[in-house]
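Q: Below is the file model-v1.tsv, with TSV, C-alpha atoms and all ligand atoms.
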chain	number	residue	atom	x	y	z
A	1	MET	CA	0.00	0.00	0.00
A	2	ARG	CA	1.18	3.53	-0.81
A	3	PHE	CA	1.25	6.35	1.71
A	4	ALA	CA	2.24	10.02	1.31
A	5	GLU	CA	5.05	11.23	3.56
A	6	ILE	CA	5.98	14.85	4.29
A	7	VAL	CA	9.73	14.88	3.59
A	8	GLY	CA	10.39	18.63	3.22
A	9	TRP	CA	9.21	21.79	4.95
A	10	GLY	CA	9.99	25.49	4.84
A	11	LYS	CA	8.63	28.94	5.60
A	12	ALA	CA	9.08	32.53	4.38
A	13	LEU	CA	7.99	35.34	6.67
A	14	PRO	CA	8.52	38.90	5.50
A	15	PRO	CA	10.73	40.80	7.98
A	16	THR	CA	8.56	43.92	8.43
A	17	VAL	CA	6.63	43.80	11.70
A	18	LEU	CA	3.34	45.59	12.49
A	19	THR	CA	2.95	45.61	16.28
A	20	ASN	CA	-0.14	46.04	18.43
A	21	ASP	CA	1.26	49.42	19.47
A	22	ASP	CA	1.52	50.41	15.78
A	23	LEU	CA	-2.16	49.48	15.37
A	24	SER	CA	-3.14	51.52	18.41
A	25	LYS	CA	-1.64	54.55	16.63
A	26	MET	CA	-4.09	53.88	13.75
A	27	VAL	CA	-7.41	52.87	15.34
A	28	ASP	CA	-9.07	52.84	18.75
A	29	THR	CA	-7.47	49.67	20.11
A	30	SER	CA	-4.73	48.64	22.51
A	31	ASP	CA	-2.06	46.02	23.00
A	32	GLU	CA	-4.02	44.81	26.03
A	33	TRP	CA	-7.28	44.32	24.07
A	34	ILE	CA	-5.62	42.56	21.15
A	35	THR	CA	-3.48	40.33	23.37
A	36	THR	CA	-6.26	39.21	25.70
A	37	ARG	CA	-8.91	38.75	22.97
A	38	THR	CA	-6.70	37.12	20.32
A	39	GLY	CA	-3.21	36.23	21.62
A	40	ILE	CA	-1.63	38.27	18.81
A	41	LYS	CA	1.27	40.61	19.59
A	42	GLU	CA	2.52	41.36	16.08
A	43	ARG	CA	2.11	40.34	12.44
A	44	ARG	CA	4.22	40.63	9.27
A	45	ILE	CA	3.53	42.94	6.33
A	46	SER	CA	5.03	41.81	3.06
A	47	HIS	CA	7.10	44.04	0.77
A	48	VAL	CA	6.91	41.39	-1.99
A	49	GLY	CA	4.10	39.56	-3.73
A	50	ALA	CA	2.71	36.20	-2.69
A	51	THR	CA	4.72	34.45	-5.42
A	52	GLU	CA	8.05	35.61	-3.97
A	53	MET	CA	7.09	34.38	-0.49
A	54	ALA	CA	5.83	31.08	-1.94
A	55	VAL	CA	9.03	30.53	-3.95
A	56	VAL	CA	11.33	31.10	-0.95
A	57	ALA	CA	9.26	28.76	1.26
A	58	ALA	CA	9.21	26.21	-1.58
A	59	ARG	CA	12.99	26.34	-2.15
A	60	ARG	CA	13.54	25.76	1.55
A	61	ALA	CA	11.09	22.83	1.59
A	62	LEU	CA	12.71	21.29	-1.50
A	63	ALA	CA	16.16	21.63	0.08
A	64	ALA	CA	14.90	19.97	3.28
A	65	ALA	CA	13.72	17.07	1.09
A	66	ASP	CA	16.91	17.21	-1.00
A	67	MET	CA	14.68	17.23	-4.06
A	68	ASP	CA	15.30	18.88	-7.41
A	69	PRO	CA	12.30	20.92	-8.71
A	70	ALA	CA	12.42	18.83	-11.90
A	71	GLU	CA	11.38	15.82	-9.80
A	72	LEU	CA	8.04	17.44	-8.89
A	73	ASP	CA	4.87	16.08	-10.49
A	74	LEU	CA	2.55	18.71	-9.05
A	75	VAL	CA	2.71	22.20	-7.53
A	76	VAL	CA	-0.33	23.29	-5.50
A	77	ASN	CA	-0.76	26.76	-4.03
A	78	ALA	CA	-3.32	26.96	-1.25
A	79	THR	CA	-4.23	30.65	-1.20
A	80	CYS	CA	-7.07	33.14	-1.22
A	81	THR	CA	-4.76	36.03	-2.13
A	82	PRO	CA	-3.18	34.90	-5.42
A	83	GLU	CA	-1.09	37.48	-7.23
A	84	THR	CA	-3.08	36.74	-10.38
A	85	LEU	CA	-6.20	34.71	-11.15
A	86	ILE	CA	-5.16	34.00	-14.74
A	87	PRO	CA	-2.69	32.37	-14.58
A	88	ALA	CA	-3.29	30.57	-11.32
A	89	SER	CA	-0.57	31.59	-8.88
A	90	ALA	CA	0.90	28.07	-8.82
A	91	SER	CA	1.99	28.65	-12.45
A	92	HIS	CA	4.25	31.49	-11.29
A	93	VAL	CA	5.77	29.24	-8.63
A	94	GLN	CA	6.27	26.41	-11.14
A	95	ALA	CA	8.00	28.80	-13.53
A	96	ARG	CA	10.26	30.39	-10.90
A	97	LEU	CA	11.32	26.96	-9.63
A	98	ALA	CA	11.74	25.59	-13.16
A	99	ALA	CA	9.64	22.60	-12.09
A	100	ARG	CA	9.40	21.59	-15.75
A	101	ASN	CA	7.78	18.19	-15.22
A	102	ALA	CA	5.03	19.38	-12.88
A	103	GLY	CA	1.37	20.27	-13.24
A	104	ALA	CA	0.21	23.30	-11.24
A	105	MET	CA	-3.01	24.50	-9.68
A	106	ASP	CA	-4.37	26.79	-6.97
A	107	LEU	CA	-6.69	25.60	-4.24
A	108	ASN	CA	-8.86	28.03	-2.30
A	109	ALA	CA	-10.56	26.95	0.90
A	110	ASN	CA	-9.54	30.12	2.76
A	111	CYS	CA	-7.97	29.40	6.17
A	112	SER	CA	-8.62	25.66	5.74
A	113	GLY	CA	-6.83	25.62	2.37
A	114	PHE	CA	-3.62	23.97	3.48
A	115	VAL	CA	-5.39	21.04	5.18
A	116	TYR	CA	-7.76	20.66	2.21
A	117	GLY	CA	-4.65	20.66	0.00
A	118	LEU	CA	-2.79	18.17	2.16
A	119	VAL	CA	-5.71	15.73	2.08
A	120	THR	CA	-6.12	16.17	-1.70
A	121	VAL	CA	-2.48	15.69	-2.68
A	122	SER	CA	-1.97	12.85	-0.19
A	123	ASP	CA	-4.87	10.98	-1.77
A	124	MET	CA	-3.43	11.66	-5.25
A	125	ILE	CA	-0.10	10.19	-4.14
A	126	LYS	CA	-1.81	7.22	-2.49
A	127	ALA	CA	-3.82	6.60	-5.68
A	128	GLY	CA	-0.60	6.60	-7.71
A	129	SER	CA	-1.49	9.49	-10.04
A	130	VAL	CA	1.49	11.56	-8.86
A	131	ASP	CA	4.65	10.93	-6.87
A	132	ASN	CA	6.33	14.13	-5.70
A	133	VAL	CA	4.20	17.13	-4.74
A	134	LEU	CA	4.96	20.64	-3.53
A	135	LEU	CA	2.12	22.09	-1.46
A	136	VAL	CA	2.39	25.76	-0.52
A	137	GLY	CA	0.17	27.79	1.81
A	138	VAL	CA	0.72	31.46	1.04
A	139	GLU	CA	-1.17	34.65	1.76
A	140	LYS	CA	-0.72	38.37	1.34
A	141	LEU	CA	-3.76	39.19	3.47
A	142	SER	CA	-2.57	42.75	4.11
A	143	TYR	CA	-3.83	43.46	0.57
A	144	LEU	CA	-7.41	42.75	1.74
A	145	VAL	CA	-7.24	44.34	5.19
A	146	ASP	CA	-9.12	47.58	5.74
A	147	TYR	CA	-7.04	49.34	8.41
A	148	THR	CA	-9.93	51.66	9.23
A	149	ASP	CA	-11.83	48.64	10.66
A	150	ARG	CA	-10.48	47.81	14.12
A	151	SER	CA	-12.54	44.62	14.38
A	152	THR	CA	-10.59	42.91	11.59
A	153	CYS	CA	-7.34	44.83	10.99
A	154	VAL	CA	-5.68	43.53	14.16
A	155	LEU	CA	-6.05	39.89	13.11
A	156	PHE	CA	-4.29	39.30	9.83
A	157	GLY	CA	-0.72	39.06	8.50
A	158	ASP	CA	1.34	37.84	5.54
A	159	GLY	CA	3.52	34.77	5.11
A	160	ALA	CA	4.14	31.44	3.40
A	161	GLY	CA	4.87	27.85	4.34
A	162	ALA	CA	5.46	24.82	2.15
A	163	VAL	CA	5.79	21.06	2.36
A	164	VAL	CA	7.07	18.42	-0.06
A	165	LEU	CA	5.38	15.02	-0.15
A	166	THR	CA	6.56	11.76	-1.64
A	167	PRO	CA	5.29	8.15	-1.68
A	168	SER	CA	6.17	5.81	1.17
A	169	ASP	CA	5.41	2.16	1.85
A	170	ARG	CA	5.28	2.84	5.61
A	171	PRO	CA	1.96	3.92	7.21
A	172	VAL	CA	2.81	7.62	7.52
A	173	GLY	CA	1.24	10.91	6.46
A	174	VAL	CA	-2.50	11.58	6.48
A	175	LEU	CA	-4.19	8.57	8.10
A	176	SER	CA	-7.66	10.12	8.37
A	177	SER	CA	-9.36	13.39	7.55
A	178	GLU	CA	-12.53	15.44	7.85
A	179	LEU	CA	-13.48	18.18	5.40
A	180	GLY	CA	-16.58	20.29	5.95
A	181	VAL	CA	-18.29	23.49	4.91
A	182	ASP	CA	-21.33	25.54	5.83
A	183	GLY	CA	-21.80	27.51	2.62
A	184	GLU	CA	-25.19	28.82	3.73
A	185	ALA	CA	-23.49	30.91	6.43
A	186	ALA	CA	-20.57	31.95	4.20
A	187	ASP	CA	-21.52	35.63	4.21
A	188	ILE	CA	-20.58	36.06	7.89
A	189	LEU	CA	-16.91	35.96	6.79
A	190	CYS	CA	-16.29	37.26	3.32
A	191	VAL	CA	-14.89	39.86	0.95
A	192	PRO	CA	-18.25	40.87	-0.58
A	193	GLU	CA	-16.99	42.37	-3.84
A	194	PHE	CA	-13.89	40.60	-5.01
A	195	GLY	CA	-13.81	38.58	-8.19
A	196	THR	CA	-16.61	38.73	-10.73
A	197	ALA	CA	-19.08	39.95	-8.08
A	198	GLY	CA	-17.17	43.24	-8.23
A	199	ARG	CA	-16.53	45.66	-11.04
A	200	PRO	CA	-13.05	45.33	-12.54
A	201	GLY	CA	-11.42	48.75	-12.48
A	202	ARG	CA	-14.18	50.21	-10.28
A	203	PRO	CA	-13.94	48.38	-6.96
A	204	ASP	CA	-15.99	49.68	-4.05
A	205	PRO	CA	-13.59	49.96	-1.09
A	206	ARG	CA	-16.42	49.51	1.42
A	207	ARG	CA	-17.14	46.07	-0.03
A	208	SER	CA	-13.60	44.99	-0.97
A	209	GLY	CA	-12.13	44.37	2.47
A	210	ILE	CA	-12.57	41.43	4.85
A	211	TYR	CA	-16.03	41.51	6.45
A	212	MET	CA	-16.46	39.32	9.51
A	213	GLU	CA	-19.09	38.76	12.20
A	214	GLY	CA	-16.37	37.87	14.68
A	215	GLN	CA	-18.40	36.38	17.53
A	216	GLU	CA	-20.44	34.12	15.25
A	217	VAL	CA	-17.32	32.93	13.36
A	218	PHE	CA	-15.64	32.35	16.73
A	219	ARG	CA	-18.54	30.22	18.01
A	220	ARG	CA	-18.62	28.06	14.87
A	221	ALA	CA	-14.81	27.71	14.72
A	222	VAL	CA	-14.70	26.41	18.31
A	223	THR	CA	-17.41	23.83	17.59
A	224	LYS	CA	-16.19	22.60	14.21
A	225	MET	CA	-12.44	22.52	14.88
A	226	GLY	CA	-13.08	20.57	18.07
A	227	GLU	CA	-15.53	18.11	16.48
A	228	ALA	CA	-13.35	17.52	13.41
A	229	SER	CA	-10.21	17.02	15.52
A	230	VAL	CA	-11.87	14.42	17.73
A	231	ALA	CA	-13.35	12.70	14.65
A	232	VAL	CA	-10.00	12.28	12.85
A	233	VAL	CA	-8.42	10.83	16.00
A	234	GLU	CA	-11.20	8.23	16.19
A	235	LYS	CA	-11.03	7.48	12.44
A	236	ALA	CA	-7.26	6.95	12.68
A	237	GLY	CA	-7.85	4.36	15.40
A	238	TRP	CA	-6.05	6.50	18.00
A	239	GLU	CA	-7.12	7.46	21.51
A	240	LEU	CA	-7.01	11.19	22.34
A	241	THR	CA	-4.10	10.38	24.65
A	242	ASP	CA	-2.15	9.10	21.62
A	243	VAL	CA	-1.97	12.61	20.14
A	244	ASP	CA	1.54	14.03	20.52
A	245	LEU	CA	0.92	17.47	19.04
A	246	LEU	CA	-2.07	19.51	17.87
A	247	ILE	CA	-1.09	21.95	15.13
A	248	PRO	CA	-4.12	24.22	14.79
A	249	HIS	CA	-4.84	27.06	12.43
A	250	GLN	CA	-3.73	30.24	14.22
A	251	ALA	CA	-6.77	32.56	14.12
A	252	ASN	CA	-7.36	33.24	17.80
A	253	LEU	CA	-5.61	31.83	20.88
A	254	ARG	CA	-8.99	31.36	22.55
A	255	ILE	CA	-10.18	29.15	19.64
A	256	ILE	CA	-6.93	27.14	19.90
A	257	ASP	CA	-7.37	26.75	23.68
A	258	ALA	CA	-11.00	25.64	23.28
A	259	THR	CA	-10.01	23.03	20.67
A	260	ALA	CA	-7.25	21.71	22.93
A	261	ARG	CA	-9.68	21.55	25.88
A	262	ARG	CA	-12.19	19.62	23.79
A	263	MET	CA	-9.42	17.10	23.04
A	264	GLY	CA	-8.19	17.04	26.64
A	265	LEU	CA	-4.70	18.12	25.56
A	266	PRO	CA	-2.29	19.99	27.85
A	267	ALA	CA	-0.66	23.18	26.53
A	268	SER	CA	2.61	21.28	26.01
A	269	LYS	CA	0.90	19.29	23.23
A	270	VAL	CA	-0.40	22.32	21.32
A	271	PHE	CA	1.69	24.35	18.88
A	272	VAL	CA	1.14	28.11	19.10
A	273	ASN	CA	2.89	30.92	17.23
A	274	ILE	CA	-0.07	33.29	16.76
A	275	HIS	CA	1.65	35.94	18.93
A	276	ALA	CA	4.31	36.41	16.21
A	277	TYR	CA	2.35	36.27	12.95
A	278	GLY	CA	-1.40	36.63	13.60
A	279	ASN	CA	-3.71	34.87	11.16
A	280	THR	CA	-1.96	34.17	7.84
A	281	SER	CA	-4.88	32.00	6.61
A	282	ALA	CA	-3.64	29.04	4.49
A	283	ALA	CA	-0.04	29.71	5.58
A	284	THR	CA	-0.49	29.22	9.33
A	285	ILE	CA	-0.25	25.42	9.43
A	286	PRO	CA	2.77	24.87	7.12
A	287	VAL	CA	4.61	27.66	8.96
A	288	ALA	CA	3.65	25.99	12.26
A	289	ILE	CA	4.82	22.55	11.05
A	290	THR	CA	8.18	24.08	10.08
A	291	GLU	CA	8.60	25.84	13.42
A	292	ALA	CA	7.46	22.78	15.42
A	293	LEU	CA	10.22	20.80	13.69
A	294	GLU	CA	12.77	23.57	14.31
A	295	GLN	CA	11.80	23.55	18.00
A	296	GLU	CA	12.01	19.72	18.15
A	297	MET	CA	8.33	19.49	19.10
A	298	ILE	CA	7.78	16.83	16.40
A	299	ARG	CA	9.54	13.56	17.21
A	300	PRO	CA	10.08	10.66	14.79
A	301	GLY	CA	6.80	8.76	14.42
A	302	ALA	CA	4.78	11.50	16.17
A	303	ASN	CA	0.96	11.51	16.01
A	304	LEU	CA	-0.15	14.96	14.85
A	305	VAL	CA	-3.57	16.49	14.47
A	306	LEU	CA	-3.92	19.43	12.06
A	307	ALA	CA	-7.15	21.44	12.32
A	308	ALA	CA	-8.43	24.57	10.63
A	309	PHE	CA	-11.52	26.75	10.23
A	310	GLY	CA	-12.08	29.69	7.94
A	311	GLY	CA	-14.02	31.49	5.25
A	312	GLY	CA	-16.44	29.39	3.30
A	313	LEU	CA	-17.28	28.55	6.08
A	314	THR	CA	-14.82	25.69	5.74
A	315	TRP	CA	-13.25	23.43	8.31
A	316	ALA	CA	-10.75	20.61	7.99
A	317	ALA	CA	-8.76	18.27	10.18
A	318	ALA	CA	-6.25	15.51	9.54
A	319	ALA	CA	-4.55	12.89	11.69
A	320	VAL	CA	-0.96	12.76	10.43
A	321	LYS	CA	1.65	10.17	11.37
A	322	TRP	CA	5.08	11.78	11.05
A	323	GLY	CA	7.89	9.73	9.47
A	324	GLU	CA	11.32	9.00	10.89
A	325	ARG	CA	13.15	12.13	9.75
A	326	THR	CA	12.66	15.41	11.62
A	327	THR	CA	15.70	17.30	10.34
A	328	PRO	CA	16.28	18.79	6.88
A	329	LEU	CA	18.54	16.91	4.45
A	330	SER	CA	19.98	20.21	3.24
A	331	VAL	CA	19.43	23.93	3.69
A	332	SER	CA	18.55	26.41	0.94
A	333	ASP	CA	20.19	29.83	0.71
A	334	ALA	CA	16.96	31.32	-0.74
A	335	GLU	CA	16.03	34.64	0.92
A	336	LEU	CA	13.39	37.29	0.37
A	337	PRO	CA	14.86	40.48	-1.12
A	338	PRO	CA	15.81	43.21	1.38
A	339	VAL	CA	13.12	45.70	2.43
A	340	THR	CA	13.67	49.37	1.70
A	341	GLN	CA	10.35	50.78	2.99
A	342	THR	CA	8.96	51.38	6.47
A	343	VAL	CA	5.81	49.57	7.57
A	344	TRP	CA	3.86	52.80	7.03
A	345	GLU	CA	5.16	53.09	3.47
A	346	LEU	CA	4.21	49.46	2.80
A	347	LEU	CA	0.65	50.15	4.02
A	348	GLN	CA	0.29	53.38	2.01
A	349	PRO	CA	-1.43	51.81	-1.06
A	350	ASN	CA	-3.86	50.18	1.32
A	351	PHE	CA	-4.62	53.52	3.05
A	352	GLU	CA	-5.13	55.13	-0.37
A	353	PHE	CA	-7.70	52.48	-1.32
A	354	TYR	CA	-9.63	51.89	1.93
A	355	GLY	CA	-9.06	55.30	3.50
A	356	LEU	CA	-6.73	56.58	6.20
A	357	PRO	CA	-7.25	55.04	9.66
A	358	GLU	CA	-8.92	57.43	12.09
A	359	LYS	CA	-5.87	58.34	14.14
A	360	LEU	CA	-3.64	58.99	11.12
A	361	ARG	CA	-5.96	61.66	9.72
A	362	ASP	CA	-4.44	65.21	9.79
B	1	LIG	N1	-9.83	46.93	19.84
B	1	LIG	C1	-10.65	47.32	20.84
B	1	LIG	N2	-11.95	46.98	20.87
B	1	LIG	C2	-12.43	46.24	19.85
B	1	LIG	C3	-11.62	45.82	18.78
B	1	LIG	C4	-10.27	46.20	18.80
B	1	LIG	N3	-9.40	45.85	17.83
B	1	LIG	N4	-12.37	45.09	17.93
B	1	LIG	C5	-13.62	45.05	18.43
B	1	LIG	N5	-13.65	45.75	19.60
B	1	LIG	C6	-14.78	45.97	20.49
B	1	LIG	C7	-16.13	45.80	19.83
B	1	LIG	O1	-16.53	47.00	19.18
B	1	LIG	C8	-17.01	45.47	21.01
B	1	LIG	O2	-17.32	46.65	21.69
B	1	LIG	P1	-18.79	46.87	22.33
B	1	LIG	O3	-18.91	45.81	23.37
B	1	LIG	O4	-18.71	48.27	22.87
B	1	LIG	O5	-19.73	46.70	21.20
B	1	LIG	C9	-16.08	44.66	21.93
B	1	LIG	O6	-14.73	44.98	21.51
B	1	LIG	C10	-16.28	43.16	21.82
B	1	LIG	O7	-16.31	42.80	20.44
B	1	LIG	P2	-16.49	41.29	19.99
B	1	LIG	O8	-16.58	41.24	18.51
B	1	LIG	O9	-17.60	40.70	20.79
B	1	LIG	O10	-15.10	40.70	20.50
B	1	LIG	P3	-14.66	39.20	20.57
B	1	LIG	O11	-14.26	38.87	21.93
B	1	LIG	O12	-15.64	38.29	19.87
B	1	LIG	O13	-13.32	39.21	19.69
B	1	LIG	C11	-12.57	38.60	17.48
B	1	LIG	C12	-13.38	39.60	18.32
B	1	LIG	C13	-11.14	38.65	17.96
B	1	LIG	C14	-12.67	39.00	16.03
B	1	LIG	C15	-13.13	37.17	17.68
B	1	LIG	O14	-14.52	37.20	17.57
B	1	LIG	C16	-12.57	36.16	16.73
B	1	LIG	O15	-11.40	35.80	16.79
B	1	LIG	N6	-13.40	35.60	15.81
B	1	LIG	C17	-12.99	34.52	14.93
B	1	LIG	C18	-11.99	34.90	13.91
B	1	LIG	C19	-11.70	33.71	13.00
B	1	LIG	O16	-11.49	32.61	13.47
B	1	LIG	N7	-11.72	33.89	11.71
B	1	LIG	C20	-11.60	32.70	10.86
B	1	LIG	C21	-10.53	32.76	9.95
B	1	LIG	S1	-10.44	34.23	8.95
B	1	LIG	C22	-10.42	33.76	7.27
B	1	LIG	O17	-10.85	32.70	6.91
B	1	LIG	C23	-9.88	34.75	6.26
Show me the file's structure as structure tokens.
Ligand code: ACO
A:
Amino acid sequence: MRFAEIVGWGKALPPTVLTNDDLSKMVDTSDEWITTRTGIKERRISHVGATEMAVVAARRALAAADMDPAELDLVVNATCTPETLIPASASHVQARLAARNAGAMDLNANCSGFVYGLVTVSDMIKAGSVDNVLLVGVEKLSYLVDYTDRSTCVLFGDGAGAVVLTPSDRPVGVLSSELGVDGEAADILCVPEFGTAGRPGRPDPRRSGIYMEGQEVFRRAVTKMGEASVAVVEKAGWELTDVDLLIPHQANLRIIDATARRMGLPASKVFVNIHAYGNTSAATIPVAITEALEQEMIRPGANLVLAAFGGGLTWAAAAVKWGERTTPLSVSDAELPPVTQTVWELLQPNFEFYGLPEKLRD
């Protein structure tokens, strides 16, 4: 029987930091409010496009797997902020990597996109239709954030993470999964006018940013991430006590804590980095996998649960058996280009489109 093993991992976080104190100079908020309600202390604002972040994360993941891009059969970009719609953003990544034997496609399930992607490509590998796959989670959410809206602008950041998967005859990788959606409630978390619902060239700024009914999304995320996580543990034939590490989507520390409580997991078995990056949507889990490995929180043969909830309203969870290797085979020298602008300069186009945040006026 064929399984799909994660053999490479990497991340690319832009260096420019937007702190809670920076945000409190823009809108009526405070470090105390943001920290206690969300767990976020700072987030990154990218000076480059999503493709550049994806390519650096991908090069690092390929190096960790010691794989040449020409060996890839498929490149998948999980994203809801592609640099272009035509071509799909995965085509840019394929071209930049010179992955000349690969197919390429984007996958959009918002914050659940990486787990949806992992389940999809793992099943493709198991079925034998592809061997080596690069799966990237990348977002430039700062493009969609309206910094005049304090209820959403404190939450989101930019970044990319990537994994490389390859066939294995050992029972590793995704052992069970749950994918779900509540499309009827999708309008409680959306960008109302983006895509063909909008008017190309004449976007309405009031309807082109992230709209979210936070409390309602929160309530549903707690329920669905918890239920899906417990379900994949049962489907994998594990007990909850067999779980070594929960790697949840990083949207709100209180959602993460509630999911862990539902699973009866102590804090030592839960990976958290939301304080550093905020919610980077499809990128949170591959970045978290990379950092959990760097921090030696994933041991050979570890039982992992990945769980996510996001726009759609999608949710996804997977029980993942890690393989034997937890260190990279080699290290890439790929880096993002240096930044020449301040965080305020990087946000300027956004202010011009959505309007200047209250406290920055005159
Ligand atoms: N600073 C200060 N006060 C604020 C801020 C802020 N940044 N934002 C809102 N408030 C105020 C509100 O106006 C409200 O004031 P009021 O009581 O006077 O009316 C009060 O704080 C409480 O607001 P709530 O919305 O009830 O705050 P809550 O505790 O629910 O936290 C939050 C809001 C952080 C958004 C939370 O609801 C949440 O995390 N929701 C889920 C987010 C999520 O998981 N999204 C999914 C992924 S996103 C994607 O897919 C792209």
Q: From the options A:Ser24, A:Thr148, A:Thr166, A:Ser89, which residue's atoms come nearest to Ala65 in chain A, counting only C-alpha atoms?
A: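 With only C-alpha atoms as the atom set, the closest residue is A:Thr166.
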Q: Which is closest to ligand LIG 1 (chain B) among A:Val17, A:Val181, A:Ala228, A:Val222, if we use all atoms listed in the file?
A: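 With all atoms listed in the file as the atom set, the closest residue is A:Val222.
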Q: Pick from A:Asn101, A:Thr79, A:Ser91, A:Ser129: nearest to Arg2 in chain A, with all atoms listed in the file counted?
A: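 For Arg2 in chain A, the nearest of the given residues is A:Ser129.
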Q: Counting only C-alpha atoms and all ligand atoms, which protein, DNA or RNA residues come within 7 Å of ligand LIG 1 (chain B), given as a list in words?
A: Asp28, Thr29, Ser30, Trp33, Ile34, Arg37, Thr38, Asn110, Cys111, Arg150, Ser151, Thr152, Val154, Leu189, Gly214, Gln215, Val217, Phe218, Ala221, Ala251, Asn252, Ser281, Phe309, Gly310 and Gly311 of chain A
Q: Considering all atoms listed in the file, state which residue in the set A:Leu245, A:Ala276, A:Ile188, A:Leu155 is at the smallest distance from Leu13 in chain A.
A: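 Looking at the shortest contact to Leu13 in chain A, the residue is A:Ala276.
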Q: Using all atoms listed in the file, which residue out of A:Tyr277, A:Trp315, A:Trp238, A:Phe3 lies closest to Gly128 in chain A?
A: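 When distances to Gly128 in chain A are compared using all atoms listed in the file, the smallest one comes from A:Phe3.
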Q: Which polymer residues have any atom within 6 Å of an atom of range 133-136 of chain A, counting only C-alpha atoms, with same-chain residues fewer than 2 positions away left out, as a list in words?
A: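 The residues satisfying every condition are Leu72, Asp73, Leu74, Val75, Val76, Asn77, Ala78, Gly161, Ala162, Val163, Val164 and Leu165 of chain A.
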Q: Considering all atoms listed in the file, state which residue in the set A:Thr19, A:Arg219, A:Ile285, A:Val305 is at the smallest distance from Glu239 in chain A.
A: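 Looking only at the distances to Glu239 in chain A, the closest residue turns out to be A:Val305.
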Q: Counting only C-alpha atoms, find residues at most 9 Å from (-19.8, 47.8, -2.4) (file frame) and give them as a PDB file with C-alpha atoms, keeping the file's coordinate frame.
A:
ATOM      1  CA  PRO A 192     -18.250  40.870  -0.580  1.00  0.00           C
ATOM      2  CA  GLU A 193     -16.990  42.370  -3.840  1.00  0.00           C
ATOM      3  CA  GLY A 198     -17.170  43.240  -8.230  1.00  0.00           C
ATOM      4  CA  PRO A 203     -13.940  48.380  -6.960  1.00  0.00           C
ATOM      5  CA  ASP A 204     -15.990  49.680  -4.050  1.00  0.00           C
ATOM      6  CA  PRO A 205     -13.590  49.960  -1.090  1.00  0.00           C
ATOM      7  CA  ARG A 206     -16.420  49.510   1.420  1.00  0.00           C
ATOM      8  CA  ARG A 207     -17.140  46.070  -0.030  1.00  0.00           C
ATOM      9  CA  SER A 208     -13.600  44.990  -0.970  1.00  0.00           C
TER      10      SER A 208
END
Q: Using all atoms listed in the file, can you list as a list in words the residues within 8 Å of (4.3, 38.7, 11.4)?
A: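 Final list of nearby residues, as requested, is Leu13, Pro14, Pro15, Thr16, Val17, Leu18, Glu42, Arg43, Arg44, Ile45, Gly157, Asp158, Gly159, Ala276, Tyr277 and Gly278 of chain A.
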Q: If we count all atoms listed in the file and set the cut-off at 12 Å, which residues sit around Leu360 in chain A, ignoring sequence neighbours fewer than 3 positions away in its own chain? Please answer as a PyMOL selection string.
A: chain A and resi 22-28+147-148+344+348+351+355-357
Q: Provide the CA of Asp187 in chain A to CA of Cys80 in chain A distance in Å, to one decimal place.
A: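 These two atoms are separated by 15.6 Å.
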Q: Can you pull out every residue within 7 Å of Pro69 in chain A, counting only C-alpha atoms, but drop anything in the same chain fewer than 4 positions away, and send it as a PyMOL selection string?
A: chain A and resi 97-99
Q: Calculate how many Å separate CA of Val287 in chain A from CA of Val119 in chain A, rounding to one decimal.
A: 17.2 Å
Q: What does the distance from CA of Gly10 in chain A to CA of Gly180 in chain A come to in Å, to one decimal?
A: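 Separation between CA of Gly10 in chain A and CA of Gly180 in chain A: 27.1 Å.
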Q: Tell me which protein, DNA and RNA residues are within 12 Å of Ala316 in chain A, counting only C-alpha atoms, leaving out same-chain ones fewer than 6 positions away, and put them as a VMD selection string.
A: chain A and resid 109 to 120 176 to 182 221 224 to 232 248 to 249 282 285 305 to 310
Q: Val93 in chain A: which residues within 8 Å, counting all atoms listed in the file, same-chain residues fewer than 5 positions away excluded, as a short mmCIF file (atom, residue, chain, number, x, y, z; two decimals) with C-alpha atoms, keeping the file's coordinate frame?
A:
data_model
loop_
_atom_site.label_atom_id
_atom_site.label_comp_id
_atom_site.auth_asym_id
_atom_site.auth_seq_id
_atom_site.Cartn_x
_atom_site.Cartn_y
_atom_site.Cartn_z
CA THR A 51 4.72 34.45 -5.42
CA ALA A 54 5.83 31.08 -1.94
CA VAL A 55 9.03 30.53 -3.95
CA VAL A 75 2.71 22.20 -7.53
#
